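Since the structure comes first, as structure tokens, the remarks are kept for the end.
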Amino acid sequence: MDLTINGERQNFDAPITVEQLLGKIGLDPRKVAVERNLEIVPKSEYSVLALDNGDTLEIVHFIGGGAPDEVLAKNAVPQIGDDSWEVAGRRFTSRLIIGTGKYKDYETNRLAAEAAGSEVITVAVRRVNLTDPDQPMLVDFLDPKKYTYLPNTAGCFTADDAVRTLRLAREAGGWDLVKLEILGEEKTLYPMMLETLETTEILTKEGFQVMVYCSDDPIICKRLEDVGAVAIMPLGAPIGSGLGIQNPVNIRLIVEQSKVPVIVDAGVGTASDAAIAMELGCDGVLMNTAIAEAGDPVRMARAMKAAVEAGRDAYLAGRMAKKQYADPSSPLAGLI
């Protein structure tokens, strides 16, 4: 029997079920999701579904896991005097979300996540390595009992690919809190907003809780919220550019109009960028490259944590009014 698995032709003795195939490859059925001829195979059918000659299979794993029920229950109860934030019924105290790409190794990623004090990390759905199914996984370094894993559609340039990816992610681990991004082209990695809007509505109707990477257009952000987005994530600048917040006016407008969390996603380069995002009133900041490609990722993660906290405090304190002319700190009356 010829099967195409993750793009590779392979031969197996027939008959064979999905569960038997995974066993021959050396994969734990509990840790993967299987797609057969573009249709997701429910885990309950692995042991009974016999494969046919010529079937095309995608076998993916989720690099990480979701927060367990006891962690979510703990986070759902706000503490007196805290400054926590909430998305889709989940409560967090850290406002710094970090990614898990571009690090030199998983151990550096672990140390950076700890230094950042993050509670949420974004992760990608990828094909399993058929030649080495026992290779280390992110979940071995970042404990899913400690972190909430946020599946994303990084690298998806079509709505179909994004929906397919998130359906596989949910099948792999049951996660429904997800991050949607549909990219327009490779040079800027700007989002395709019409497709993003339509896909947000589709995923919401399927029971997903969708946090959406989007442009910094207040009008489109309002539309995203109207169709069910649980968080609005406008870019500060192009993904991975490190240019910082390019349009603070629009970010502020989005914050003012939104009833769901607003999280700056993409473009942060250094700690001052994160502080600016928080001073604008954002509920959080998501970053990856700014930490992962820093000279010292762990130290930068600490700096980002401090910047997010300082920016949040400054926003809550309320900055002084800007004035056209000087205003002396000490009274001029009574001078000697």
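Here's how to read the names in the structure tokens: chain A, B, ... by the order shown, residue numbers from 1 in each chain, ligand numbers from 1 in the order shown.
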
Using only C-alpha atoms, which protein or nucleic acid residues come within 6 Å of A:Asp283? Drop anything in the same chain fewer than 6 positions from it, and give the result as a PDB file with N, CA, C and O atoms, in the first residue's frame.
ATOM      1  N   PRO A 261      -9.465  42.887  24.831  1.00  0.00           N
ATOM      2  CA  PRO A 261      -8.056  43.280  24.989  1.00  0.00           C
ATOM      3  C   PRO A 261      -7.403  43.681  23.665  1.00  0.00           C
ATOM      4  O   PRO A 261      -7.701  43.116  22.614  1.00  0.00           O
ATOM      5  N   VAL A 262      -6.527  44.680  23.751  1.00  0.00           N
ATOM      6  CA  VAL A 262      -5.717  45.109  22.608  1.00  0.00           C
ATOM      7  C   VAL A 262      -4.264  44.809  22.928  1.00  0.00           C
ATOM      8  O   VAL A 262      -3.746  45.251  23.963  1.00  0.00           O
ATOM      9  N   ILE A 263      -3.621  44.053  22.066  1.00  0.00           N
ATOM     10  CA  ILE A 263      -2.244  43.612  22.298  1.00  0.00           C
ATOM     11  C   ILE A 263      -1.412  43.965  21.077  1.00  0.00           C
ATOM     12  O   ILE A 263      -1.711  43.498  19.966  1.00  0.00           O
TER      13      ILE A 263
END

If you run DSSP over the backbone, which residues in stretch 129-203 of chain A end up strand (DSSP E)? Put them as a count of residues only.
9

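Atom pair atom CA of A:Asp52 / atom CA of A:Leu130 has a distance of 19.9 Å (rounded to one decimal).
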
Closest of A:Lys222, A:Lys259, A:Lys322, A:Lys305 to A:Glu119, counting only C-alpha atoms, is A:Lys305

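Around A:Thr108, within 12 Å and counting only C-alpha atoms, the residues found are Thr100, Gly101, Lys102, Tyr103, Lys104, Ala112, Ala113, Glu114, Ala115, Leu138, Phe141, Leu142, Ile291, Ala292, Glu293, Ala294, Asp296, Pro297, Val298, Arg299, Met300 and Ala301 of chain A, once anything fewer than 4 positions away on its own chain is removed.
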
Neighbouring residues of A:Glu181 were defined as those with any atom within 10 Å, considering only C-alpha atoms; residues of the same chain fewer than 3 positions away were excluded. Please report them as JSON, numbers by chain.
{"A": [152, 153, 154, 155, 156, 157, 158, 159, 162, 178, 184, 189, 190, 191, 192, 193, 195, 196, 199, 200, 211, 212, 213, 214, 233]}

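Taking atom CA of A:Asp226 and atom CA of A:Val260 as the two end points, the separation is 10.4 Å.
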
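Using only C-alpha atoms, the residues found no farther than 12 Å from A:Ala310, other than those of its own chain fewer than 6 positions away, are Arg95, Ala271, Ser272, Asp273, Ala274, Ala275, Ile276, Ala277, Met278, Glu279, Ala303, Met304, Leu316 and Ala317 of chain A.
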
Check stretch 135-279 of chain A with DSSP on the backbone and list each residue it calls helix (DSSP H, G or I), as number ranges by chain.
A: 138-140, 159-173, 193-205, 218-226, 248-257, 271-279

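Counting only C-alpha atoms, the residue from A:Ala326, A:Leu177, A:Ala237, A:Asp83 that sits nearest to A:Asp313 is A:Asp83.
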
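In this structure, atom CA of A:Asp216 sits 28.9 Å away from atom CA of A:Leu168.
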
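Of the residues listed (A:Thr165, A:Leu111, A:Gly99, A:Phe92), A:Gly99 shows the shortest atom-to-atom separation from A:Asp265; distances use only C-alpha atoms.
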
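Among the candidates A:Val120, A:Tyr106, A:Leu38, A:Val139, the residue lying nearest to A:Arg164 is A:Leu38 (atoms considered: only C-alpha atoms).
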
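With distances restricted to only C-alpha atoms, A:Leu57 is the closest residue to A:Glu39 from A:Leu183, A:Ala169, A:Leu253, A:Leu57.
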
Listing only residues of stretch 210-291 of chain A within 10 Å of stretch 121-125 of chain A, what is the closest atom pair and its distance in Å (to one decimal) for each, using only C-alpha atoms, sorted by chain and residue number ascending, as a tab-separated table?
residue	atom	partner	partner_atom	distance
A:Leu286	CA	A:Ile121	CA	8.8
A:Met287	CA	A:Thr122	CA	9.4
A:Asn288	CA	A:Thr122	CA	9.0

Selection from above, N, CA and C atoms, as a PDB file, in the first residue's frame, can you write it?
ATOM      1  N   LEU A 286       2.999  41.432  22.469  1.00  0.00           N
ATOM      2  CA  LEU A 286       3.506  40.141  22.017  1.00  0.00           C
ATOM      3  C   LEU A 286       4.768  40.377  21.206  1.00  0.00           C
ATOM      4  N   MET A 287       5.802  39.608  21.499  1.00  0.00           N
ATOM      5  CA  MET A 287       7.058  39.753  20.757  1.00  0.00           C
ATOM      6  C   MET A 287       7.778  38.428  20.662  1.00  0.00           C
ATOM      7  N   ASN A 288       8.608  38.305  19.646  1.00  0.00           N
ATOM      8  CA  ASN A 288       9.452  37.119  19.494  1.00  0.00           C
ATOM      9  C   ASN A 288      10.876  37.507  19.129  1.00  0.00           C
TER      10      ASN A 288
END

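The protein and nucleic acid residues lying at most 12 Å from stretch 47-49 of chain A are Pro15, Ile16, Thr17, Val18, Glu19, Gln20, Leu21, Leu22, Gly23, Pro29, Val34, Arg36, Ile40, Val41, Pro42, Lys43, Ser44, Glu45, Leu51 and Asp52 of chain A, with only C-alpha atoms considered and sequence neighbours fewer than 2 positions away removed.
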
Out of A:Leu150, A:Leu235, A:Ala306, A:Val285, which residue has the shortest atom-to-atom distance to A:Trp175 when counting only C-alpha atoms?
A:Leu150
